[in-house]
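Beneath this line is the structure, given in structure tokens, with notes to follow.
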Amino acid sequence: MRKVCVITGTRAEYGLLCYLMRAIEADPELELQIIATGMHLSPEFGLTYKEIEKDFTITKKIEMLLSSDTPVGISKSMGLAQISFAESFEELKPDLVVVLGDRFEIFSATSAAMIARIPIAHLHGGETTEGAFDESIRHSITKMSHLHFTAAEEYRDRVIQLGEHPNRVFNVGGMGIDAIKRITLLSKEELEKSIDFTFGTKNLLVTFHPVTLENHTASYQFQELLDALDTLEDTHIIFTKANSDTDGRNINTMIDTYVSKNTHKAIAFTSMGQLRYLSALQFVDAVVGNSSSGLLEAPSFKIGTINIGDRQCGRLKADSVIDSAPNQEAIRTSLTKLYTPEFQHQLATCTNPYGKGGAVEKIIHTLKHTALDDLLKKSFYDIGLR
């Protein structure tokens, strides 16, 4: 059996990977290994490894998060993670490592796998997020990886532009689309009971992460967002908290303070879990903030996205996305546009640029049938000479 080791470090990433993991586990020719790390193991971020354990047996847990979101603290966490991944790979001896995205813990895992001469399959490469250091991390992971599964043809082209051979780069569509199509969502009544929250006349789901290539803008930008939200009438708000990026804790403290003063209309979650989060997208008017979910998943629900600031700058966007500068006036203007009849009519016909599903089956086929012996040595595919 081919041993496939899937790495996951965050709640959002696991939501994208879980159906692929189930398919690997169910395949008689594949053996699933799971390494949980990063925020999954942090009490501060909800100990979300417990959600994984409801579905799977975790093969290995790798502690890496220090109680710091400073640049020094994150770099130390990355170093600790790389040491631990090196030891885990030596113990587990996977035939193939699967990683998704652009987080710093995934960079550490990929670096260790590359040095251990283990082929790496990378999901969601080729994308751009010009406001975050995830941009550089993602492209670095691409160059260390051997198989590539992208979410759009434009991203496939970009991976090839980075020198990866077209025969190793597969456009399979967004992983989030598969999750939406496979999951049985909660009704409004079931969701309200589950999260102890009553939807109002208008409803927004807010997630805001630091823009990591900017110095100390997180608190100011998020306060501008909160001030804009305060101008709304008859609007209930669900906050999902920021991740462990630089200055993320400042945002989470501000969320707690805001919710404590607005318990009649606001609620906050460290982690909603995939089922409740996707179920909530059925009943909110928009996703507000700078989460990739507003671009990747929200369009499939025919709801709006108000994308604030530069964190997601460069990504493909559906017609349902309204870009906004990170100041109160611009955000208020975007919120006004969201509720206009013209924009609401536009939502009804928008399509998701990340496909219609089917990524899992395509990835499994490639993981099973690709010969691994010749993957490690790569020639740079120079498009200028073709």
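Following the order of the structure tokens, first chain is A, next is B, and so on, with residues numbered from 1 inside each chain and ligands from 1 in the order they appear.
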Next on the checklist: Show me, as a list in words, the residues that have an atom within 6 Å of Gly357 (chain A) when counting only C-alpha atoms, minus same-chain residues fewer than 2 positions from it.
Outcome noted: Ile177, Asp178, Gly355 and Ala359 of chain A
Would you output that residue set with C-alpha atoms, as a tab-separated table (two decimals), in the first residue's frame?
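And here's selection.tsv as it stands now:
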```tsv
chain	number	residue	atom	x	y	z
A	177	ILE	CA	-16.50	23.30	-3.71
A	178	ASP	CA	-16.23	19.57	-3.03
A	355	GLY	CA	-15.17	25.25	-10.49
A	359	ALA	CA	-11.37	17.71	-7.19
```
Go through region 107-159 of chain A residue by residue and, counting only C-alpha atoms, keep those with an atom at most 12 Å from region 50-74 of chain A; for each kept residue give the shortest atom pair and its distance in Å to one decimal, ordered by chain and increasing number, as a Markdown table.
```
| residue | atom | partner | partner_atom | distance |
| --- | --- | --- | --- | --- |
| A:Ser108 | CA | A:Met64 | CA | 10.3 |
| A:Ala109 | CA | A:Ile62 | CA | 10.3 |
| A:Phe133 | CA | A:Pro71 | CA | 11.3 |
```
Item to check | Filtered DSSP result for region 16-223 of chain A, state strand (DSSP E or B), as number ranges by chain | outcome: A: 30-37, 60-62, 96-100, 120-123, 147-150, 169-171, 202-207
Give me a file of those residues, with C-alpha atoms, as a CSV table (one decimal), in the first residue's frame.
```csv
chain,number,residue,atom,x,y,z
A,30,LEU,CA,-3.7,3.7,-0.1
A,31,GLU,CA,-2.9,4.1,3.6
A,32,LEU,CA,-3.8,7.4,5.3
A,33,GLN,CA,-1.4,9.0,7.8
A,34,ILE,CA,-2.4,12.3,9.4
A,35,ILE,CA,-0.1,14.8,11.1
A,36,ALA,CA,-2.0,17.5,13.1
A,37,THR,CA,0.0,20.6,14.1
A,60,LYS,CA,1.0,12.1,14.9
A,61,LYS,CA,0.6,15.4,16.7
A,62,ILE,CA,3.4,18.0,16.4
A,96,LEU,CA,4.0,10.8,-0.3
A,97,VAL,CA,3.2,13.9,1.7
A,98,VAL,CA,0.1,16.0,0.9
A,99,VAL,CA,0.0,19.7,1.9
A,100,LEU,CA,-2.4,22.5,1.1
A,120,ILE,CA,5.3,16.2,-2.1
A,121,ALA,CA,1.8,16.9,-3.5
A,122,HIS,CA,0.8,20.6,-3.1
A,123,LEU,CA,-2.9,21.8,-3.3
A,147,LEU,CA,2.8,17.2,-7.9
A,148,HIS,CA,0.6,20.2,-8.1
A,149,PHE,CA,-3.2,20.5,-7.9
A,150,THR,CA,-4.5,24.0,-8.6
A,169,VAL,CA,0.4,20.3,-12.8
A,170,PHE,CA,-3.3,19.5,-12.6
A,171,ASN,CA,-6.2,22.0,-12.5
A,202,LYS,CA,-29.9,41.3,8.1
A,203,ASN,CA,-26.9,39.0,8.9
A,204,LEU,CA,-23.2,39.2,8.3
A,205,LEU,CA,-20.4,36.7,8.9
A,206,VAL,CA,-17.1,38.6,9.7
A,207,THR,CA,-13.6,37.2,9.6
```
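Of the listed residues (A:Ala286, A:Met78, A:Ala152, A:Ile24), A:Ile24 comes nearest to Val360 (chain A); the distances count only C-alpha atoms.
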Proximity check region 41-134 of chain A to region 255-276 of chain A, 9 Å, nearest pairs one decimal Å, only C-alpha atoms, as a Markdown table:
```
| residue | atom | partner | partner_atom | distance |
| --- | --- | --- | --- | --- |
| A:Glu44 | CA | A:Thr270 | CA | 8.1 |
| A:Phe45 | CA | A:Thr270 | CA | 5.8 |
| A:Gly46 | CA | A:Thr270 | CA | 5.9 |
| A:Thr48 | CA | A:Ser271 | CA | 7.5 |
| A:Glu51 | CA | A:Gly273 | CA | 7.6 |
```
Item to check | Close residues, region 92-94 of chain A itself excluded, 8 Å, only C-alpha atoms, min 5 positions apart in chain, as an NGL selection string | outcome: :A and (2-5 or 33 or 118)
Can I get the selection written as a CSV table (one decimal), in the first residue's frame, with N, CA, C and O atoms?
```
chain,number,residue,atom,x,y,z
A,2,ARG,N,0.4,2.3,-0.7
A,2,ARG,CA,1.1,3.5,-0.8
A,2,ARG,C,0.7,4.4,0.4
A,2,ARG,O,-0.5,4.7,0.6
A,3,LYS,N,1.7,4.8,1.3
A,3,LYS,CA,1.4,5.5,2.5
A,3,LYS,C,1.4,7.0,2.1
A,3,LYS,O,2.4,7.6,1.7
A,4,VAL,N,0.2,7.6,2.3
A,4,VAL,CA,0.0,9.1,2.0
A,4,VAL,C,-0.2,9.8,3.3
A,4,VAL,O,-1.2,9.6,4.1
A,5,CYS,N,0.7,10.8,3.6
A,5,CYS,CA,0.7,11.5,4.8
A,5,CYS,C,0.1,12.9,4.6
A,5,CYS,O,0.7,13.7,3.8
A,33,GLN,N,-2.0,8.5,6.6
A,33,GLN,CA,-1.4,9.0,7.8
A,33,GLN,C,-1.8,10.5,7.9
A,33,GLN,O,-1.9,11.2,6.9
A,118,ILE,N,11.1,12.8,0.3
A,118,ILE,CA,9.8,12.3,0.2
A,118,ILE,C,9.0,13.2,-0.9
A,118,ILE,O,9.0,14.4,-0.7
```
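One distance worth recording is that between CA of Lys377 (chain A) and CA of Ser136 (chain A), which is 22.5 Å.
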Next on the checklist: Using DSSP assignments from the backbone, pull out every residue in region 11-243 of chain A that falls under alpha helix (DSSP H) and give it to me as a ChimeraX atom specification.
Outcome noted: /A:11-26,49-53,71-92,104-115,134-144,153-161,175-182,188-195,218-229
Item to check | From A:Ile106, A:Val211, A:Ala242, A:Val287, residue lying nearest Arg311 (chain A) [only C-alpha atoms] | outcome: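 Among A:Ile106, A:Val211, A:Ala242, A:Val287, it is A:Val211 that comes nearest to Arg311 (chain A).
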Checklist entry - At what distance in Å, to one decimal, does CA of Asn252 (chain A) lie from CA of Phe239 (chain A)? => result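 If I compute the distance from CA of Phe239 (chain A) to CA of Asn252 (chain A), I get 9.6 Å.
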Checklist entry - Do you know which residues are at most 9 Å from region 223-234 of chain A counting only C-alpha atoms, after dropping those on the same chain fewer than 6 positions away, and could you put them as a VMD selection string? => result chain A and resid 200 to 203 251 254 to 255 258 265 289 308 326 to 332 335
Item to check | Near-Gly125 (chain A) list (10 Å; only C-alpha atoms; drop same-chain fewer than 4 positions) as a PyMOL selection string | outcome: chain A and resi 100-102+135+138-143+145+148-152+155-156+158-159+169
Checklist entry - From the list A:Asp319, A:Asp157, A:Asp374, A:Asp196, which residue is nearest Thr349 (chain A) when using only C-alpha atoms? => result A:Asp319
Item to check | Interatomic distance (Å, one decimal) between CA of Asp310 (chain A) and CA of Tyr277 (chain A) | outcome: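 Separation of CA of Asp310 (chain A) and CA of Tyr277 (chain A): 23.6 Å.
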Item to check | Distance query Leu316 (chain A) at most 9 Å, only C-alpha atoms, self and fewer than 3 positions along chain excluded, as number ranges by chain | outcome: A: 127-128, 152, 154, 295-296, 313, 353-354
Emit the selected residues as a PDB file, in the first residue's frame, including N, CA and C atoms.
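In the end it all went to again-v6.pdb:
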```
ATOM      1  N   GLU A 127      -1.676  30.562  -6.528  1.00  0.00           N
ATOM      2  CA  GLU A 127      -2.544  31.681  -6.184  1.00  0.00           C
ATOM      3  C   GLU A 127      -1.702  32.853  -5.678  1.00  0.00           C
ATOM      4  N   THR A 128      -2.297  34.009  -5.605  1.00  0.00           N
ATOM      5  CA  THR A 128      -1.576  35.180  -5.124  1.00  0.00           C
ATOM      6  C   THR A 128      -2.353  35.854  -4.009  1.00  0.00           C
ATOM      7  N   ALA A 152      -7.659  26.637 -10.357  1.00  0.00           N
ATOM      8  CA  ALA A 152      -8.137  27.301 -11.580  1.00  0.00           C
ATOM      9  C   ALA A 152      -7.048  27.211 -12.641  1.00  0.00           C
ATOM     10  N   GLU A 154      -5.853  29.545 -14.519  1.00  0.00           N
ATOM     11  CA  GLU A 154      -4.899  30.645 -14.368  1.00  0.00           C
ATOM     12  C   GLU A 154      -3.814  30.291 -13.355  1.00  0.00           C
ATOM     13  N   LEU A 295     -13.893  34.374  -1.027  1.00  0.00           N
ATOM     14  CA  LEU A 295     -13.623  34.266  -2.448  1.00  0.00           C
ATOM     15  C   LEU A 295     -13.844  32.853  -2.969  1.00  0.00           C
ATOM     16  N   LEU A 296     -13.489  31.851  -2.158  1.00  0.00           N
ATOM     17  CA  LEU A 296     -13.502  30.475  -2.635  1.00  0.00           C
ATOM     18  C   LEU A 296     -14.841  29.781  -2.451  1.00  0.00           C
ATOM     19  N   CYS A 313      -5.370  40.325  -2.230  1.00  0.00           N
ATOM     20  CA  CYS A 313      -5.107  40.997  -3.493  1.00  0.00           C
ATOM     21  C   CYS A 313      -4.414  40.048  -4.472  1.00  0.00           C
ATOM     22  N   PRO A 353     -15.591  31.045  -9.759  1.00  0.00           N
ATOM     23  CA  PRO A 353     -14.468  30.796 -10.672  1.00  0.00           C
ATOM     24  C   PRO A 353     -13.609  29.600 -10.283  1.00  0.00           C
ATOM     25  N   TYR A 354     -13.925  28.997  -9.137  1.00  0.00           N
ATOM     26  CA  TYR A 354     -13.120  27.862  -8.668  1.00  0.00           C
ATOM     27  C   TYR A 354     -13.755  26.516  -9.001  1.00  0.00           C
TER      28      TYR A 354
END
```
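With distances restricted to only C-alpha atoms, A:Gly304 is the closest residue to His345 (chain A) from A:Gly304, A:Gly15, A:Glu87, A:Asp134.
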